[in-house]
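What follows is the content of structure37.txt (compact mmCIF, N, CA and C atoms).
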# COMPACT_ATOMS: atom_id res chain seq x y z
N MET L 284 -53.12 64.58 101.83
CA MET L 284 -53.63 65.54 102.77
C MET L 284 -52.91 65.44 104.12
N TYR L 285 -52.85 64.23 104.68
CA TYR L 285 -52.11 64.01 105.92
C TYR L 285 -51.00 63.02 105.63
N ASN L 286 -49.78 63.39 106.00
CA ASN L 286 -48.63 62.49 105.82
C ASN L 286 -48.26 61.78 107.11
N THR L 287 -48.43 62.49 108.23
CA THR L 287 -48.08 61.92 109.53
C THR L 287 -49.20 62.20 110.52
N VAL L 288 -49.69 61.13 111.12
CA VAL L 288 -50.76 61.23 112.10
C VAL L 288 -50.21 60.81 113.46
N LEU L 289 -50.44 61.67 114.46
CA LEU L 289 -50.05 61.37 115.83
C LEU L 289 -51.30 60.96 116.59
N LEU L 290 -51.27 59.75 117.15
CA LEU L 290 -52.39 59.25 117.94
C LEU L 290 -52.01 59.29 119.41
N ALA L 291 -52.70 60.11 120.18
CA ALA L 291 -52.50 60.14 121.63
C ALA L 291 -53.31 59.00 122.23
N TYR L 292 -52.65 58.14 123.00
CA TYR L 292 -53.29 56.90 123.43
C TYR L 292 -52.97 56.62 124.89
N ASP L 293 -54.02 56.37 125.68
CA ASP L 293 -53.81 56.05 127.09
C ASP L 293 -54.45 54.72 127.50
N GLY L 294 -55.00 54.00 126.54
CA GLY L 294 -55.59 52.71 126.85
C GLY L 294 -57.02 52.76 127.34
N SER L 295 -57.55 53.95 127.59
CA SER L 295 -58.93 54.10 128.06
C SER L 295 -59.90 53.81 126.91
N GLU L 296 -61.18 53.73 127.23
CA GLU L 296 -62.20 53.54 126.20
C GLU L 296 -62.13 54.67 125.17
N GLU L 297 -61.98 55.89 125.65
CA GLU L 297 -61.87 57.05 124.74
C GLU L 297 -60.60 56.95 123.91
N GLY L 298 -59.53 56.47 124.51
CA GLY L 298 -58.28 56.28 123.78
C GLY L 298 -58.39 55.21 122.71
N ARG L 299 -59.13 54.15 123.00
CA ARG L 299 -59.33 53.10 122.00
C ARG L 299 -60.16 53.61 120.82
N LEU L 300 -61.14 54.45 121.10
CA LEU L 300 -61.91 55.07 120.01
C LEU L 300 -60.99 55.92 119.14
N ALA L 301 -60.12 56.70 119.79
CA ALA L 301 -59.19 57.56 119.06
C ALA L 301 -58.23 56.71 118.23
N LEU L 302 -57.77 55.60 118.78
CA LEU L 302 -56.84 54.73 118.06
C LEU L 302 -57.50 54.19 116.80
N ARG L 303 -58.71 53.71 116.90
CA ARG L 303 -59.38 53.12 115.74
C ARG L 303 -59.76 54.18 114.71
N GLU L 304 -60.29 55.32 115.17
CA GLU L 304 -60.64 56.38 114.22
C GLU L 304 -59.38 56.97 113.59
N GLY L 305 -58.33 57.10 114.37
CA GLY L 305 -57.06 57.58 113.84
C GLY L 305 -56.47 56.62 112.82
N ALA L 306 -56.58 55.33 113.10
CA ALA L 306 -56.09 54.33 112.15
C ALA L 306 -56.87 54.44 110.83
N ARG L 307 -58.16 54.65 110.92
CA ARG L 307 -58.97 54.78 109.70
C ARG L 307 -58.56 56.03 108.91
N MET L 308 -58.34 57.15 109.61
CA MET L 308 -57.91 58.38 108.92
C MET L 308 -56.56 58.17 108.25
N ALA L 309 -55.64 57.51 108.95
CA ALA L 309 -54.32 57.23 108.38
C ALA L 309 -54.42 56.30 107.18
N GLN L 310 -55.33 55.34 107.27
CA GLN L 310 -55.54 54.41 106.17
C GLN L 310 -56.06 55.15 104.93
N ILE L 311 -57.04 56.01 105.12
CA ILE L 311 -57.63 56.76 104.00
C ILE L 311 -56.59 57.66 103.33
N THR L 312 -55.74 58.27 104.13
CA THR L 312 -54.77 59.24 103.59
C THR L 312 -53.39 58.64 103.36
N ASN L 313 -53.24 57.35 103.64
CA ASN L 313 -51.96 56.66 103.48
C ASN L 313 -50.85 57.35 104.29
N ALA L 314 -51.16 57.73 105.51
CA ALA L 314 -50.24 58.46 106.37
C ALA L 314 -49.44 57.51 107.27
N GLU L 315 -48.29 57.99 107.70
CA GLU L 315 -47.52 57.29 108.73
C GLU L 315 -48.21 57.54 110.07
N VAL L 316 -48.06 56.58 110.99
CA VAL L 316 -48.72 56.69 112.28
C VAL L 316 -47.68 56.63 113.39
N CYS L 317 -47.81 57.55 114.33
CA CYS L 317 -47.01 57.53 115.55
C CYS L 317 -47.98 57.46 116.72
N LEU L 318 -47.80 56.47 117.57
CA LEU L 318 -48.64 56.29 118.75
C LEU L 318 -47.89 56.87 119.95
N LEU L 319 -48.56 57.76 120.68
CA LEU L 319 -47.94 58.46 121.80
C LEU L 319 -48.71 58.20 123.09
N ALA L 320 -47.98 57.81 124.12
CA ALA L 320 -48.56 57.71 125.46
C ALA L 320 -47.77 58.65 126.36
N VAL L 321 -48.49 59.42 127.17
CA VAL L 321 -47.85 60.38 128.06
C VAL L 321 -48.21 60.05 129.51
N VAL L 322 -47.19 59.83 130.31
CA VAL L 322 -47.37 59.57 131.74
C VAL L 322 -47.30 60.90 132.47
N ASP L 323 -48.39 61.26 133.12
CA ASP L 323 -48.45 62.50 133.90
C ASP L 323 -48.02 62.17 135.33
N LEU L 324 -46.75 62.38 135.61
CA LEU L 324 -46.22 62.03 136.93
C LEU L 324 -46.68 63.00 138.02
N SER L 325 -47.26 64.12 137.63
CA SER L 325 -47.74 65.08 138.63
C SER L 325 -49.00 64.60 139.33
N ALA L 326 -49.64 63.55 138.82
CA ALA L 326 -50.86 63.03 139.45
C ALA L 326 -50.61 62.63 140.90
N GLY L 327 -49.45 62.03 141.19
CA GLY L 327 -49.12 61.65 142.56
C GLY L 327 -48.91 62.86 143.44
N ILE L 328 -48.38 63.93 142.85
CA ILE L 328 -48.16 65.16 143.61
C ILE L 328 -49.49 65.80 143.98
N THR L 329 -50.44 65.82 143.02
CA THR L 329 -51.72 66.46 143.29
C THR L 329 -52.56 65.65 144.28
N MET L 330 -52.19 64.40 144.51
CA MET L 330 -52.91 63.59 145.48
C MET L 330 -52.29 63.76 146.87
N GLY L 331 -51.57 64.84 147.06
CA GLY L 331 -50.98 65.10 148.38
C GLY L 331 -49.69 64.35 148.61
N GLY L 332 -49.07 63.88 147.54
CA GLY L 332 -47.80 63.19 147.69
C GLY L 332 -47.94 61.86 148.38
N THR L 333 -49.09 61.22 148.27
CA THR L 333 -49.32 59.96 148.96
C THR L 333 -48.75 58.76 148.21
N ALA L 334 -48.22 58.98 147.03
CA ALA L 334 -47.66 57.87 146.27
C ALA L 334 -46.40 57.36 146.97
N GLY L 335 -46.27 56.05 147.01
CA GLY L 335 -45.12 55.44 147.68
C GLY L 335 -43.90 55.38 146.78
N PRO L 336 -42.79 54.90 147.34
CA PRO L 336 -41.56 54.77 146.56
C PRO L 336 -41.78 53.83 145.37
N GLY L 337 -41.26 54.21 144.25
CA GLY L 337 -41.38 53.38 143.04
C GLY L 337 -42.68 53.58 142.29
N ALA L 338 -43.55 54.47 142.78
CA ALA L 338 -44.84 54.67 142.11
C ALA L 338 -44.67 55.21 140.70
N ALA L 339 -43.73 56.12 140.51
CA ALA L 339 -43.50 56.69 139.18
C ALA L 339 -43.03 55.60 138.21
N GLU L 340 -42.10 54.77 138.67
CA GLU L 340 -41.60 53.69 137.81
C GLU L 340 -42.72 52.71 137.47
N HIS L 341 -43.57 52.42 138.44
CA HIS L 341 -44.71 51.53 138.21
C HIS L 341 -45.66 52.13 137.17
N GLN L 342 -45.92 53.43 137.30
CA GLN L 342 -46.82 54.12 136.36
C GLN L 342 -46.22 54.12 134.95
N ILE L 343 -44.92 54.34 134.84
CA ILE L 343 -44.25 54.31 133.54
C ILE L 343 -44.34 52.92 132.94
N ASN L 344 -44.12 51.88 133.74
CA ASN L 344 -44.22 50.51 133.25
C ASN L 344 -45.64 50.20 132.77
N ASP L 345 -46.64 50.68 133.51
CA ASP L 345 -48.03 50.47 133.10
C ASP L 345 -48.30 51.11 131.74
N TYR L 346 -47.84 52.34 131.55
CA TYR L 346 -48.06 53.03 130.28
C TYR L 346 -47.27 52.39 129.15
N GLN L 347 -46.09 51.84 129.45
CA GLN L 347 -45.32 51.13 128.42
C GLN L 347 -46.12 49.92 127.93
N ALA L 348 -46.77 49.22 128.85
CA ALA L 348 -47.60 48.07 128.47
C ALA L 348 -48.80 48.52 127.64
N VAL L 349 -49.41 49.65 128.03
CA VAL L 349 -50.54 50.20 127.26
C VAL L 349 -50.08 50.55 125.84
N LEU L 350 -48.92 51.17 125.74
CA LEU L 350 -48.37 51.55 124.44
C LEU L 350 -48.11 50.33 123.57
N GLU L 351 -47.52 49.30 124.15
CA GLU L 351 -47.25 48.06 123.41
C GLU L 351 -48.55 47.41 122.94
N THR L 352 -49.57 47.44 123.77
CA THR L 352 -50.88 46.91 123.38
C THR L 352 -51.44 47.71 122.20
N GLY L 353 -51.31 49.03 122.25
CA GLY L 353 -51.77 49.87 121.16
C GLY L 353 -51.04 49.60 119.85
N VAL L 354 -49.74 49.43 119.92
CA VAL L 354 -48.94 49.13 118.72
C VAL L 354 -49.38 47.77 118.16
N ALA L 355 -49.63 46.80 119.03
CA ALA L 355 -50.09 45.49 118.58
C ALA L 355 -51.46 45.59 117.91
N ARG L 356 -52.36 46.42 118.47
CA ARG L 356 -53.67 46.64 117.86
C ARG L 356 -53.52 47.23 116.46
N LEU L 357 -52.64 48.21 116.34
CA LEU L 357 -52.41 48.83 115.04
C LEU L 357 -51.81 47.82 114.05
N ALA L 358 -50.92 46.97 114.53
CA ALA L 358 -50.32 45.95 113.66
C ALA L 358 -51.40 45.01 113.11
N LYS L 359 -52.37 44.65 113.96
CA LYS L 359 -53.48 43.79 113.50
C LYS L 359 -54.32 44.49 112.44
N MET L 360 -54.31 45.84 112.47
CA MET L 360 -55.06 46.62 111.49
C MET L 360 -54.23 46.88 110.23
N GLY L 361 -52.99 46.37 110.21
CA GLY L 361 -52.15 46.51 109.03
C GLY L 361 -51.16 47.67 109.06
N PHE L 362 -50.95 48.27 110.23
CA PHE L 362 -50.05 49.42 110.34
C PHE L 362 -48.73 49.02 110.99
N THR L 363 -47.67 49.62 110.52
CA THR L 363 -46.40 49.57 111.20
C THR L 363 -46.22 50.95 111.80
N ALA L 364 -46.56 51.08 113.07
CA ALA L 364 -46.55 52.39 113.72
C ALA L 364 -45.30 52.56 114.56
N SER L 365 -44.79 53.77 114.58
CA SER L 365 -43.75 54.10 115.54
C SER L 365 -44.46 54.43 116.85
N SER L 366 -43.73 54.40 117.95
CA SER L 366 -44.36 54.71 119.23
C SER L 366 -43.41 55.53 120.09
N ARG L 367 -44.01 56.31 120.97
CA ARG L 367 -43.25 57.16 121.88
C ARG L 367 -43.90 57.10 123.26
N LEU L 368 -43.08 56.99 124.28
CA LEU L 368 -43.54 57.08 125.66
C LEU L 368 -42.87 58.32 126.25
N GLU L 369 -43.68 59.24 126.72
CA GLU L 369 -43.18 60.50 127.27
C GLU L 369 -43.70 60.67 128.69
N THR L 370 -43.01 61.49 129.46
CA THR L 370 -43.49 61.86 130.78
C THR L 370 -43.65 63.38 130.82
N GLY L 371 -44.61 63.84 131.60
CA GLY L 371 -44.83 65.27 131.74
C GLY L 371 -46.29 65.62 131.60
N ASP L 372 -46.55 66.88 131.36
CA ASP L 372 -47.92 67.35 131.16
C ASP L 372 -48.42 66.82 129.82
N PRO L 373 -49.52 66.08 129.80
CA PRO L 373 -49.98 65.47 128.54
C PRO L 373 -50.19 66.47 127.41
N GLY L 374 -50.85 67.59 127.68
CA GLY L 374 -51.09 68.58 126.63
C GLY L 374 -49.80 69.12 126.05
N GLU L 375 -48.87 69.49 126.92
CA GLU L 375 -47.59 70.02 126.46
C GLU L 375 -46.81 69.00 125.66
N ARG L 376 -46.78 67.76 126.12
CA ARG L 376 -46.01 66.72 125.43
C ARG L 376 -46.64 66.37 124.08
N ILE L 377 -47.96 66.32 124.01
CA ILE L 377 -48.62 66.04 122.73
C ILE L 377 -48.23 67.10 121.72
N CYS L 378 -48.30 68.37 122.11
CA CYS L 378 -47.96 69.46 121.20
C CYS L 378 -46.49 69.42 120.78
N ALA L 379 -45.61 69.16 121.75
CA ALA L 379 -44.17 69.11 121.46
C ALA L 379 -43.83 67.98 120.50
N ILE L 380 -44.38 66.81 120.74
CA ILE L 380 -44.08 65.66 119.87
C ILE L 380 -44.70 65.86 118.50
N ALA L 381 -45.90 66.41 118.43
CA ALA L 381 -46.52 66.71 117.13
C ALA L 381 -45.62 67.64 116.33
N HIS L 382 -45.08 68.65 116.96
CA HIS L 382 -44.17 69.58 116.29
C HIS L 382 -42.89 68.85 115.86
N GLN L 383 -42.35 68.05 116.76
CA GLN L 383 -41.09 67.35 116.51
C GLN L 383 -41.18 66.39 115.32
N ILE L 384 -42.28 65.65 115.22
CA ILE L 384 -42.41 64.67 114.12
C ILE L 384 -43.10 65.27 112.89
N ARG L 385 -43.41 66.56 112.98
CA ARG L 385 -44.08 67.28 111.89
C ARG L 385 -45.42 66.62 111.53
N ALA L 386 -46.20 66.35 112.56
CA ALA L 386 -47.52 65.74 112.35
C ALA L 386 -48.43 66.73 111.63
N ASP L 387 -49.24 66.18 110.74
CA ASP L 387 -50.26 66.98 110.04
C ASP L 387 -51.58 66.92 110.78
N LEU L 388 -51.75 65.86 111.58
CA LEU L 388 -53.00 65.63 112.29
C LEU L 388 -52.70 64.96 113.62
N VAL L 389 -53.32 65.47 114.67
CA VAL L 389 -53.25 64.84 115.99
C VAL L 389 -54.65 64.37 116.33
N ILE L 390 -54.75 63.13 116.78
CA ILE L 390 -56.04 62.56 117.14
C ILE L 390 -56.00 62.18 118.62
N ILE L 391 -56.99 62.69 119.34
CA ILE L 391 -57.08 62.42 120.77
C ILE L 391 -58.49 61.96 121.10
N GLY L 392 -58.64 61.31 122.23
CA GLY L 392 -59.95 60.95 122.74
C GLY L 392 -60.46 62.06 123.63
N HIS L 393 -61.70 61.93 124.07
CA HIS L 393 -62.28 62.93 124.95
C HIS L 393 -63.06 62.25 126.05
N ARG L 394 -62.74 62.61 127.27
CA ARG L 394 -63.45 62.06 128.43
C ARG L 394 -64.35 63.16 128.97
N GLN L 395 -65.64 62.86 129.05
CA GLN L 395 -66.60 63.84 129.58
C GLN L 395 -66.24 64.19 131.02
N GLN L 396 -66.33 65.46 131.36
CA GLN L 396 -66.08 65.92 132.72
C GLN L 396 -67.27 66.73 133.20
N GLY L 397 -67.60 66.58 134.45
CA GLY L 397 -68.63 67.42 135.05
C GLY L 397 -68.04 68.77 135.41
N PRO L 398 -68.88 69.71 135.84
CA PRO L 398 -68.39 71.05 136.15
C PRO L 398 -67.36 71.10 137.27
N VAL L 399 -67.51 70.26 138.28
CA VAL L 399 -66.56 70.26 139.40
C VAL L 399 -65.21 69.72 138.93
N SER L 400 -65.24 68.62 138.21
CA SER L 400 -64.01 68.04 137.69
C SER L 400 -63.31 69.01 136.74
N ARG L 401 -64.07 69.68 135.90
CA ARG L 401 -63.51 70.65 134.96
C ARG L 401 -62.84 71.80 135.71
N TRP L 402 -63.39 72.17 136.86
CA TRP L 402 -62.83 73.25 137.66
C TRP L 402 -61.45 72.88 138.21
N PHE L 403 -61.30 71.62 138.66
CA PHE L 403 -60.05 71.20 139.28
C PHE L 403 -59.01 70.65 138.30
N HIS L 404 -59.46 70.13 137.17
CA HIS L 404 -58.54 69.51 136.21
C HIS L 404 -58.73 70.17 134.85
N SER L 405 -57.65 70.68 134.32
CA SER L 405 -57.76 71.31 133.00
C SER L 405 -57.94 70.23 131.93
N SER L 406 -58.53 70.61 130.84
CA SER L 406 -58.77 69.69 129.73
C SER L 406 -57.54 69.61 128.84
N VAL L 407 -57.06 68.40 128.63
CA VAL L 407 -55.94 68.19 127.72
C VAL L 407 -56.34 68.65 126.32
N ALA L 408 -57.55 68.30 125.90
CA ALA L 408 -58.02 68.67 124.55
C ALA L 408 -58.03 70.18 124.36
N ALA L 409 -58.47 70.92 125.37
CA ALA L 409 -58.51 72.38 125.26
C ALA L 409 -57.10 72.95 125.14
N TYR L 410 -56.17 72.42 125.93
CA TYR L 410 -54.78 72.89 125.85
C TYR L 410 -54.21 72.62 124.47
N VAL L 411 -54.39 71.38 124.00
CA VAL L 411 -53.84 70.99 122.70
C VAL L 411 -54.44 71.86 121.59
N MET L 412 -55.73 72.06 121.65
CA MET L 412 -56.40 72.87 120.63
C MET L 412 -55.81 74.29 120.58
N ASP L 413 -55.49 74.86 121.73
CA ASP L 413 -54.96 76.22 121.78
C ASP L 413 -53.49 76.31 121.38
N HIS L 414 -52.73 75.22 121.48
CA HIS L 414 -51.29 75.30 121.26
C HIS L 414 -50.76 74.50 120.07
N LEU L 415 -51.57 73.72 119.46
CA LEU L 415 -51.14 72.85 118.36
C LEU L 415 -50.93 73.65 117.08
N GLU L 416 -49.95 73.25 116.29
CA GLU L 416 -49.64 73.93 115.03
C GLU L 416 -50.24 73.21 113.82
N CYS L 417 -50.93 72.11 114.05
CA CYS L 417 -51.53 71.36 112.94
C CYS L 417 -53.00 71.08 113.27
N SER L 418 -53.65 70.31 112.45
CA SER L 418 -55.06 69.97 112.67
C SER L 418 -55.20 68.97 113.81
N MET L 419 -56.38 68.97 114.41
CA MET L 419 -56.68 68.08 115.52
C MET L 419 -58.06 67.48 115.33
N LEU L 420 -58.17 66.21 115.65
CA LEU L 420 -59.46 65.52 115.62
C LEU L 420 -59.71 64.93 117.00
N VAL L 421 -60.86 65.26 117.57
CA VAL L 421 -61.27 64.65 118.82
C VAL L 421 -62.17 63.48 118.43
N ALA L 422 -61.66 62.28 118.62
CA ALA L 422 -62.33 61.07 118.15
C ALA L 422 -63.49 60.68 119.04
N ARG L 423 -64.61 60.42 118.41
CA ARG L 423 -65.80 59.96 119.14
C ARG L 423 -66.55 58.88 118.36
N LYS L 424 -66.16 58.66 117.13
CA LYS L 424 -66.87 57.74 116.25
C LYS L 424 -66.39 56.31 116.50
N GLU L 425 -67.34 55.39 116.58
CA GLU L 425 -67.01 53.97 116.68
C GLU L 425 -66.65 53.46 115.29
N VAL L 426 -65.46 52.93 115.13
CA VAL L 426 -64.99 52.42 113.84
C VAL L 426 -64.95 50.89 113.93
N SER L 427 -65.66 50.23 113.04
CA SER L 427 -65.72 48.77 113.07
C SER L 427 -64.51 48.17 112.35
N ASP L 428 -64.26 46.89 112.62
CA ASP L 428 -63.17 46.18 111.96
C ASP L 428 -63.36 46.18 110.44
N ASP L 429 -64.60 46.12 109.98
CA ASP L 429 -64.87 46.11 108.54
C ASP L 429 -64.34 47.37 107.86
N MET L 430 -64.38 48.49 108.56
CA MET L 430 -63.92 49.74 107.99
C MET L 430 -62.40 49.80 107.91
N LEU L 431 -61.71 48.96 108.67
CA LEU L 431 -60.26 48.99 108.70
C LEU L 431 -59.61 47.94 107.80
N MET L 432 -60.37 47.21 107.10
CA MET L 432 -59.79 46.17 106.23
C MET L 432 -59.78 46.60 104.79
In structure tokens, what does this structure look like?
Amino acid sequence: MYNTVLLAYDGSEEGRLALREGARMAQITNAEVCLLAVVDLSAGITMGGTAGPGAAEHQINDYQAVLETGVARLAKMGFTASSRLETGDPGERICAIAHQIRADLVIIGHRQQGPVSRWFHSSVAAYVMDHLECSMLVARKEVSDDMLM
């Protein structure tokens, strides 16, 4: 059913849920796994440009560490996952990489937003849902270690 699963991962609690649920889906379907982290460098711009010199490089290094941690977590679950670190708009990059690797399923986490936050920040999940060419799962289920063995 699924040959290639793309897991969008940012190291957050919601991202960890997506990683574990995505790993379980890949395990059930015997799919290849690609772990993707996207650094949104525009965050410093939207904060009024208050980021200092080297902030982008620091942010990229932080996400590289998050990605490495995610790959290590997947390895403990028995997966040999490929990984990608991208910069840009998260929704656009998730869709582009899913298309590029011919993903059958994209799994993302979901962070609850209040009405004010939703007004100022667009939802990555909504963008991906509107532009993705394959299936998408918004992970919310807690997956135990027992389910991954």
* Work out how far apart atom N of L:Arg299 and atom N of L:Val349 are and give it in Å to one decimal. => 11.8 Å
* To do: Can you pull out every residue within 7 Å of stretch 386-394 of chain L, counting only N, CA and C atoms, but drop anything in the same chain fewer than 5 positions away, and send it as an NGL selection string?
  => :L and (284-292 or 297-302 or 305 or 380-381 or 417-423)
* Distance in Å - atom CA of L:His382 versus atom CA of L:Lys359 ->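 Rounded to one decimal, the two atoms are 27.6 Å apart.
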All residues 12 Å or closer to L:Glu375, only C-alpha atoms, same chain fewer than 2 positions away omitted, as a PDB file with N, CA and C atoms, in the coordinates of the input:
ATOM      1  N   VAL L 321     -48.490  59.420 127.170  1.00  0.00           N
ATOM      2  CA  VAL L 321     -47.850  60.380 128.060  1.00  0.00           C
ATOM      3  C   VAL L 321     -48.210  60.050 129.510  1.00  0.00           C
ATOM      4  N   VAL L 322     -47.190  59.830 130.310  1.00  0.00           N
ATOM      5  CA  VAL L 322     -47.370  59.570 131.740  1.00  0.00           C
ATOM      6  C   VAL L 322     -47.300  60.900 132.470  1.00  0.00           C
ATOM      7  N   ASP L 323     -48.390  61.260 133.120  1.00  0.00           N
ATOM      8  CA  ASP L 323     -48.450  62.500 133.900  1.00  0.00           C
ATOM      9  C   ASP L 323     -48.020  62.170 135.330  1.00  0.00           C
ATOM     10  N   GLU L 369     -43.680  59.240 126.720  1.00  0.00           N
ATOM     11  CA  GLU L 369     -43.180  60.500 127.270  1.00  0.00           C
ATOM     12  C   GLU L 369     -43.700  60.670 128.690  1.00  0.00           C
ATOM     13  N   THR L 370     -43.010  61.490 129.460  1.00  0.00           N
ATOM     14  CA  THR L 370     -43.490  61.860 130.780  1.00  0.00           C
ATOM     15  C   THR L 370     -43.650  63.380 130.820  1.00  0.00           C
ATOM     16  N   GLY L 371     -44.610  63.840 131.600  1.00  0.00           N
ATOM     17  CA  GLY L 371     -44.830  65.270 131.740  1.00  0.00           C
ATOM     18  C   GLY L 371     -46.290  65.620 131.600  1.00  0.00           C
ATOM     19  N   ASP L 372     -46.550  66.880 131.360  1.00  0.00           N
ATOM     20  CA  ASP L 372     -47.920  67.350 131.160  1.00  0.00           C
ATOM     21  C   ASP L 372     -48.420  66.820 129.820  1.00  0.00           C
ATOM     22  N   PRO L 373     -49.520  66.080 129.800  1.00  0.00           N
ATOM     23  CA  PRO L 373     -49.980  65.470 128.540  1.00  0.00           C
ATOM     24  C   PRO L 373     -50.190  66.470 127.410  1.00  0.00           C
ATOM     25  N   ILE L 377     -47.960  66.320 124.010  1.00  0.00           N
ATOM     26  CA  ILE L 377     -48.620  66.040 122.730  1.00  0.00           C
ATOM     27  C   ILE L 377     -48.230  67.100 121.720  1.00  0.00           C
ATOM     28  N   CYS L 378     -48.300  68.370 122.110  1.00  0.00           N
ATOM     29  CA  CYS L 378     -47.960  69.460 121.200  1.00  0.00           C
ATOM     30  C   CYS L 378     -46.490  69.420 120.780  1.00  0.00           C
ATOM     31  N   ALA L 379     -45.610  69.160 121.750  1.00  0.00           N
ATOM     32  CA  ALA L 379     -44.170  69.110 121.460  1.00  0.00           C
ATOM     33  C   ALA L 379     -43.830  67.980 120.500  1.00  0.00           C
ATOM     34  N   ILE L 380     -44.380  66.810 120.740  1.00  0.00           N
ATOM     35  CA  ILE L 380     -44.080  65.660 119.870  1.00  0.00           C
ATOM     36  C   ILE L 380     -44.700  65.860 118.500  1.00  0.00           C
ATOM     37  N   ALA L 381     -45.900  66.410 118.430  1.00  0.00           N
ATOM     38  CA  ALA L 381     -46.520  66.710 117.130  1.00  0.00           C
ATOM     39  C   ALA L 381     -45.620  67.640 116.330  1.00  0.00           C
ATOM     40  N   HIS L 382     -45.080  68.650 116.960  1.00  0.00           N
ATOM     41  CA  HIS L 382     -44.170  69.580 116.290  1.00  0.00           C
ATOM     42  C   HIS L 382     -42.890  68.850 115.860  1.00  0.00           C
ATOM     43  N   SER L 406     -58.530  70.610 130.840  1.00  0.00           N
ATOM     44  CA  SER L 406     -58.770  69.690 129.730  1.00  0.00           C
ATOM     45  C   SER L 406     -57.540  69.610 128.840  1.00  0.00           C
ATOM     46  N   VAL L 407     -57.060  68.400 128.630  1.00  0.00           N
ATOM     47  CA  VAL L 407     -55.940  68.190 127.720  1.00  0.00           C
ATOM     48  C   VAL L 407     -56.340  68.650 126.320  1.00  0.00           C
ATOM     49  N   ALA L 408     -57.550  68.300 125.900  1.00  0.00           N
ATOM     50  CA  ALA L 408     -58.020  68.670 124.550  1.00  0.00           C
ATOM     51  C   ALA L 408     -58.030  70.180 124.360  1.00  0.00           C
ATOM     52  N   ALA L 409     -58.470  70.920 125.370  1.00  0.00           N
ATOM     53  CA  ALA L 409     -58.510  72.380 125.260  1.00  0.00           C
ATOM     54  C   ALA L 409     -57.100  72.950 125.140  1.00  0.00           C
ATOM     55  N   TYR L 410     -56.170  72.420 125.930  1.00  0.00           N
ATOM     56  CA  TYR L 410     -54.780  72.890 125.850  1.00  0.00           C
ATOM     57  C   TYR L 410     -54.210  72.620 124.470  1.00  0.00           C
ATOM     58  N   VAL L 411     -54.390  71.380 124.000  1.00  0.00           N
ATOM     59  CA  VAL L 411     -53.840  70.990 122.700  1.00  0.00           C
ATOM     60  C   VAL L 411     -54.440  71.860 121.590  1.00  0.00           C
ATOM     61  N   MET L 412     -55.730  72.060 121.650  1.00  0.00           N
ATOM     62  CA  MET L 412     -56.400  72.870 120.630  1.00  0.00           C
ATOM     63  C   MET L 412     -55.810  74.290 120.580  1.00  0.00           C
ATOM     64  N   ASP L 413     -55.490  74.860 121.730  1.00  0.00           N
ATOM     65  CA  ASP L 413     -54.960  76.220 121.780  1.00  0.00           C
ATOM     66  C   ASP L 413     -53.490  76.310 121.380  1.00  0.00           C
ATOM     67  N   HIS L 414     -52.730  75.220 121.480  1.00  0.00           N
ATOM     68  CA  HIS L 414     -51.290  75.300 121.260  1.00  0.00           C
ATOM     69  C   HIS L 414     -50.760  74.500 120.070  1.00  0.00           C
ATOM     70  N   LEU L 415     -51.570  73.720 119.460  1.00  0.00           N
ATOM     71  CA  LEU L 415     -51.140  72.850 118.360  1.00  0.00           C
ATOM     72  C   LEU L 415     -50.930  73.650 117.080  1.00  0.00           C
TER      73      LEU L 415
END
* Just give me the gap between atom C of L:Cys317 and atom C of L:Arg367 in Å, one decimal is fine. => 7.7 Å
* Asked: Looking at only C-alpha atoms, which of L:Asp293, L:Gln383, L:Arg376, L:Val354 is the one that sits closest to L:Gln342?
  -> L:Asp293
* To do: Would you please give, as an NGL selection string, all residues of stretch 340-429 of chain L that DSSP assigns to strand (DSSP E or B) based on the backbone?
  => :L and (365-370 or 388-391 or 418-421)
